[in-house]
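One structure below.
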Amino acid sequence: MKDMSVALKFIPLDHYVLLCIILFSIGVLGVLYRRNTIIIIMCIELMLNSVNLLLTAFSVYHSDPTGQIFVFFIMVVAAAEVAVGLAILVMMKRNIDSVDINLLSRLKW
Amino acid sequence: MMLILILLLPVFSSLLLIFMQRLAWVKFLSFGLSFLELLLVSYQLLAFQSLNLSAFPFQFSTHFNWLPQYGIELYFGLDGISAVMILITALVMPFIILFGNDDVLNKSGRFHSFLHLTQAALMGVFLSLNVIVFYIFWEITLIPIFISMLVWGEENKEAITLKFFIYTFLGSLSLLFAFLFVYFQTPLPHSFNFEAFLNADLTSSAQSWLFWFLFVGFAIKIPLFPFHSWQPQTYTIAPGQITMILSAVLMKMGVYGMLRWLLPIVPLGVAQWNTVVIVLSLIGMVYASVMALQQKNLKTMVAWSSVAHGGLIGAAIFAISVQSVQGVIFQSFAHAIIISGLFAVVIIIEKRTGTSMIKNLGGIRLTAPVFAGFFLILVLGSIGLPLTNGFVAEFLMILGLYGLNPCLAFFGGFSMILGAIYMLYNYQKVCLGNNTNTIDFKEIGTTEMILFALLSFIIILTGVLPGLILNLSQISVEELFSNFYSLTN
Amino acid sequence: MVTFSNIVKYAWLVPLLPFAGFLIIIFFSRLLKGKSSGIIASALISLSFLISLLMFFAQSDSAVKSITLNIFSWLDVGALKIPFELLIDPLSLNMMLIVSGVGLLIHVFSIGYMLHDERFNTFFAYMNLFSASMLLLVMGANYLILFMGWEGVGLCSYLLIGFWFKNDLYNLAARKAFVMNRIGDLGFILGIILLFFTFRTLNFSGVFAQLSAFTPNNSTIVIITLLLLVGALGKSAQIPLFTWLPDAMAGPTPVSALIHAATMVTAGIYLIARSSLLFNLAPFTLDIILAIGLITALFAATIGIYQNDIKKVLAYSTVSQLGYMFIALGLGVYSSAIFHLTTHAFFKALLFLGAGSIIHALSGEQDIRKMGGLKKKLPITFLTFLIATLAISGFPPFSGFFSKDEILMAAFARNPLIYVLGLFGALMTCFYMFRLLFLVFYNQFRGTPEQESHIHESPALISVPLIILAILSVVGGFLNFPEIFGGKAAQANFLSVSLTNYASNAGHMAVSTEWILMAVSVLFLLFIVAFAYNRFIKQKMLPAGDEIPLAFIPKLLSNKYYVDELYNWLIVMPYTALSEKVFPKMELNIIDKTVNSFGEYTMWLGEKVRRIQAGNISFYVFAMVTGVIFFIIINLYF
């Protein structure tokens, strides 16, 4: 473990942060611009994972394991979310034969 | 403990009556219960009068803990001002129930249940000395009224009821805001009790804006100009008995609120703004009097007359003298009796002729001289003829205004003239003349005759012996002003 | 032994008896058939009269002339303590005797006059209520009790003017009377309040006792007196509040006699006389009273000349005579005002009752152009009417001569110009009264033959009161028989306990001057009568019919100077327009609209905001991201 953290510290923290910002932005833009629900869910995952990476990186640099514990929480939540989200997607595909997000606007008032 | 009983009996009546549907004797059961309440209140007031009143302002005070950590407790007590108010509430109720002449409503347990619930809430308003409890009761009064208007109201009831509700609710929020502000200025530990509010540390600038929040809250209820626009419409569409209770008692909540929670708590604000408020009220009085003259609907006309009286009451409250406030309290009583009688006249006419449009009426005195005679007595009380209680009230209020400023008294005195103009004009249109539309208008029955006779008797009795009412509140009002003057100087 | 202090203890019975009569008749209205309610009413009022009379005689033997009777505590609020108290002193006794005495005669007259009215009982109930209120008015020992009676008589006046309520014109007249009186009452009540703030009491003697601290024309006193004067102007129908009185003739004739001639309208004079000490301290107000009285006396007399309705002529003559009383008040000779009030009560009640008798005989005809030649058919009425006409015109030795002469003498002592104007008014009075007399009783009957066949002298119930009043009109002058004729001025001395005449008029003029002035006035009067005789009997001139256009001045006068129209145009019309058009529009478009606009804006806002919540997820996310970025920037830079 110690080696691992040493290895991780080879790369400066700035680079992690920059990477995470890029990944996160890609995720945000994906959610914003794509209409395919599967891709949107993937983009959400991308955002979550970029945050995971950032948490891990900070946790290592601070020598504080709390951040990594949070990562596990996020993974659990993400898994649950994907399970529910994909179920909704399947239902959507079955009912309206499409996964276009704009068609879901029927839920509006 | 009697106070608790006074508070709980109407709640009990309300619960009992809600299960009675379409029974012929609902009206009489309801009357019996309200009469019992009247007996309780009279007993309590007799006990109140025999006490040595100068000892402490609140008699029979009762405390129960509720949320002690926030200074909220069930704290009830009686002083002269609330004594008159609960007397009004208890006295008017049996009349309102017995004057009911709508076959559906008379048999409806729900309707009578709502009437009693309103009474319970009103008792709570007049007896609570903890501002949160007061506020809760204040809001509860709205609920049964709101529902009754929606269920049994006349045309266009939804819009008007909603307006009434939102309007008065807005006033309540303004009150709540002011109360919460004052709460945080009370000495530690913070408390919502009346005494704590009296001792709240309020700077004169805080009082100056707090005054308006409290004033608007209470003024909407009375209502004072320019917050009156809900009132004539509401009075017109509400079922007759609800209108009676609205005008006779709910209006007095505003008056009571000002005397209990406005004058003592923000005396500096009152001293700063009273002239403005008086001018506003008097404008409202003249305005409403003029409006009343040419109304097409008799019910709306009476409603406007109530706004006009409210205007003089509002002015007199802020004339801050013992005479004017005694006049206000006395007028609260007198007006409650007179206006419920006048609305009773309206619902009787409505029932008999199927209309309350003035142009379709006239000549009622030809066929129903007794009815017209009682109507005339009520009209005379309303325009303040000596030997009716209206005169004593008006005289005291104008006297108090004069002490503040003769000019204001001059305009206040206009109510004497304007009241005579619109009341007699419309009385003539309804009762006099030789109209054939009302040729088959029957003389009122014995029950109604007795009720009107009782009302007239009360009007004249308290006009000849005003001490009956004035003595109840005299000491409390004097104390109110001794506090007031010590705080403003 | 009936001593004054003993009998005064029962003074409360005087107003209470008629009030009880009112209650009895109202409550047992259905049981009372025929004349019974009239008899009850008359019996009770005669009891009041008897008690007043007893008190009067007991008082003349007594050393104590005035007693206050405290009955119960009425209003007690802080510093304001007003008991219900009655004052028995010469002035109130004088008024009580007039009110109950003349009232009794008119009650008796009404039994005959109103017998065929279907609401006979109600009429007597109101009459009794009126008597009770009027007695309360004159007996009250403080201003507020006086005010109570004051408003009470106003109410009865309203009820009785509109007695025949089927006719909306009568109702309008009743309402007009009430509202105009209320305008005066506002002044009165403000005066009462100022009195309270100045003296801390409303009791007459309590107020007068403190007057020594004030100098003449002290501004507070002047304002108080002016406010009281406003009240008096309304009640006593003086300019500018006089237009209700002629209209008030819509009521039954006995009502006009009792309320609008003999008693109620003199309440204003009573009020000022009662407050004589107060008014003596305000010479400024006295001058105003004098001016108003003078203008009213002349103004009303000129209108009277051109009226064709028998009751309207009498109404304007009442206004004019009240103007004379105001002149007396303004001159500060209060006792003369009360003297004229007393004699006027006799002869004017007689005139009205006589007019009632005529109207009764002619089955409701009031237009003098359709009368004439009634002298033979109604001998008693004619004789009594003649006496009253002589009295009101001021021929010696009828009562009007003495009372009017007193006023004119006082006027001469102040300023001969006032005397000349007063005399001119008296001459006009003489002219229109003789015009009335000649047109009604002389020449040929001008009505329909059908009416002529019905003409009959009235029954005894009607004629006996006429005769008694006629006797009083003749001898009334001797009540205050002036010293110049070797009299003792008995009434003035009697009243001196209650009244204090204004000091500056104390100066006596030479006896010879007085004689000359009297002779002059009598000569002029004879000349006027001759003129009227020539015009209306010799030349048989008739007032023009309604359809013939009149010249400017007669038109102006027969339309009462268009004062009614002026008031209508200045006050009633704008007020109605305000009530009918302006304020409802304002209510709808400003006040209610402001309130409703709150609701409307909320709805509008909801409509707009609703579109954002359209279910478009990308928009939600976009909004979220934008928000986050916004907050990050805020956090970084601020």
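Chain identifiers are assigned as A, B, and so on, following the order in which chains appear in the structure tokens; residues are numbered from 1 within each chain, and ligands are numbered from 1 in order of appearance.
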
**Report entry** Ala78 (chain A) environment, 12 Å, only C-alpha atoms, sequence neighbours closer than 2 positions dropped, as a PyMOL selection string
**Finding:** chain A and resi 41-49+51-52+71-76+80-86

At a cut-off of 8 Å, can you tabulate as JSON lines every residue of chain C near chain B together with its closest atom pair and the distance in Å to one decimal, using only C-alpha atoms and ordering rows by chain then number?
```
{"residue": "C:Trp74", "atom": "CA", "partner": "B:Leu465", "partner_atom": "CA", "distance": 6.1}
{"residue": "C:Leu75", "atom": "CA", "partner": "B:Pro466", "partner_atom": "CA", "distance": 6.5}
{"residue": "C:Asp76", "atom": "CA", "partner": "B:Gly467", "partner_atom": "CA", "distance": 7.0}
{"residue": "C:Val77", "atom": "CA", "partner": "B:Gln323", "partner_atom": "CA", "distance": 6.1}
{"residue": "C:Gly78", "atom": "CA", "partner": "B:Val322", "partner_atom": "CA", "distance": 6.5}
{"residue": "C:Leu80", "atom": "CA", "partner": "B:Gln323", "partner_atom": "CA", "distance": 7.7}
{"residue": "C:Phe147", "atom": "CA", "partner": "B:Pro386", "partner_atom": "CA", "distance": 7.9}
{"residue": "C:Met148", "atom": "CA", "partner": "B:Pro386", "partner_atom": "CA", "distance": 5.2}
{"residue": "C:Glu151", "atom": "CA", "partner": "B:Pro386", "partner_atom": "CA", "distance": 6.6}
{"residue": "C:Gly152", "atom": "CA", "partner": "B:Pro386", "partner_atom": "CA", "distance": 7.2}
{"residue": "C:Phe165", "atom": "CA", "partner": "B:Leu432", "partner_atom": "CA", "distance": 5.6}
{"residue": "C:Lys166", "atom": "CA", "partner": "B:Gly433", "partner_atom": "CA", "distance": 4.1}
{"residue": "C:Asn167", "atom": "CA", "partner": "B:Gly433", "partner_atom": "CA", "distance": 5.7}
{"residue": "C:Asp168", "atom": "CA", "partner": "B:Gly433", "partner_atom": "CA", "distance": 5.3}
{"residue": "C:Asn171", "atom": "CA", "partner": "B:Gln428", "partner_atom": "CA", "distance": 7.0}
{"residue": "C:Arg175", "atom": "CA", "partner": "B:Leu424", "partner_atom": "CA", "distance": 6.8}
{"residue": "C:Phe178", "atom": "CA", "partner": "B:Ala420", "partner_atom": "CA", "distance": 7.8}
{"residue": "C:Val179", "atom": "CA", "partner": "B:Ile417", "partner_atom": "CA", "distance": 6.3}
{"residue": "C:Arg182", "atom": "CA", "partner": "B:Ile417", "partner_atom": "CA", "distance": 5.6}
{"residue": "C:Ile183", "atom": "CA", "partner": "B:Ile417", "partner_atom": "CA", "distance": 6.1}
{"residue": "C:Leu186", "atom": "CA", "partner": "B:Gly413", "partner_atom": "CA", "distance": 6.1}
{"residue": "C:Leu190", "atom": "CA", "partner": "B:Phe410", "partner_atom": "CA", "distance": 7.2}
{"residue": "C:Ile193", "atom": "CA", "partner": "B:Leu399", "partner_atom": "CA", "distance": 5.9}
{"residue": "C:Leu194", "atom": "CA", "partner": "B:Tyr402", "partner_atom": "CA", "distance": 7.9}
{"residue": "C:Phe197", "atom": "CA", "partner": "B:Gly403", "partner_atom": "CA", "distance": 7.6}
{"residue": "C:Tyr575", "atom": "CA", "partner": "B:Val290", "partner_atom": "CA", "distance": 7.6}
{"residue": "C:Thr576", "atom": "CA", "partner": "B:Gln294", "partner_atom": "CA", "distance": 7.6}
{"residue": "C:Leu578", "atom": "CA", "partner": "B:Val290", "partner_atom": "CA", "distance": 7.2}
{"residue": "C:Ser579", "atom": "CA", "partner": "B:Val290", "partner_atom": "CA", "distance": 5.2}
{"residue": "C:Glu580", "atom": "CA", "partner": "B:Gln294", "partner_atom": "CA", "distance": 5.6}
{"residue": "C:Phe583", "atom": "CA", "partner": "B:Met291", "partner_atom": "CA", "distance": 6.5}
{"residue": "C:Pro584", "atom": "CA", "partner": "B:Met291", "partner_atom": "CA", "distance": 6.9}
{"residue": "C:Glu587", "atom": "CA", "partner": "B:Ser229", "partner_atom": "CA", "distance": 7.7}
{"residue": "C:Ile591", "atom": "CA", "partner": "B:Ser229", "partner_atom": "CA", "distance": 6.9}
{"residue": "C:Asp592", "atom": "CA", "partner": "B:Ser229", "partner_atom": "CA", "distance": 5.7}
{"residue": "C:Val595", "atom": "CA", "partner": "B:Ser229", "partner_atom": "CA", "distance": 7.8}
```

Provide as a CSV table (one decimal) with C-alpha atoms, in the first residue's frame the residues of chain C at most 12 Å from chain A, counting only C-alpha atoms.
```
chain,number,residue,atom,x,y,z
C,610,ARG,CA,-44.8,27.0,-15.0
C,611,ARG,CA,-43.1,26.9,-18.4
C,612,ILE,CA,-39.7,26.4,-16.8
C,613,GLN,CA,-40.9,23.3,-15.1
C,614,ALA,CA,-41.7,21.7,-18.5
C,615,GLY,CA,-40.1,18.3,-17.8
C,616,ASN,CA,-37.2,19.1,-20.1
C,617,ILE,CA,-34.4,17.3,-18.2
C,618,SER,CA,-31.6,18.9,-20.2
C,619,PHE,CA,-32.9,22.3,-19.3
C,620,TYR,CA,-33.0,21.3,-15.6
C,621,VAL,CA,-29.4,20.2,-15.8
C,622,PHE,CA,-28.4,23.2,-17.7
C,623,ALA,CA,-30.0,25.4,-15.1
C,624,MET,CA,-28.3,23.4,-12.4
C,625,VAL,CA,-24.9,23.7,-13.9
C,626,THR,CA,-25.3,27.3,-14.6
C,628,VAL,CA,-23.3,25.9,-9.8
C,629,ILE,CA,-21.0,27.8,-11.9
```

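Residue-level DSSP output for region 5-244 of chain C, from the backbone, shows strand (DSSP E) at Ile67, Thr68, Leu69, Asn70, Ile71, Phe72, Ser73, Trp74, Leu75, Asp76, Val77, Leu80, Lys81, Ile82, Pro83, Phe84, Glu85, Leu86, Leu87 and Ile88 of chain C.
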
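Between CA of His309 (chain B) and CA of Met285 (chain B) the separation is 6.7 Å.
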
**Report entry** Residue nearest Ile242 (chain B) - candidates B:Thr203, B:Ser191, B:Thr275, B:Thr118, atoms counted: only C-alpha atoms
**Finding:** B:Thr118
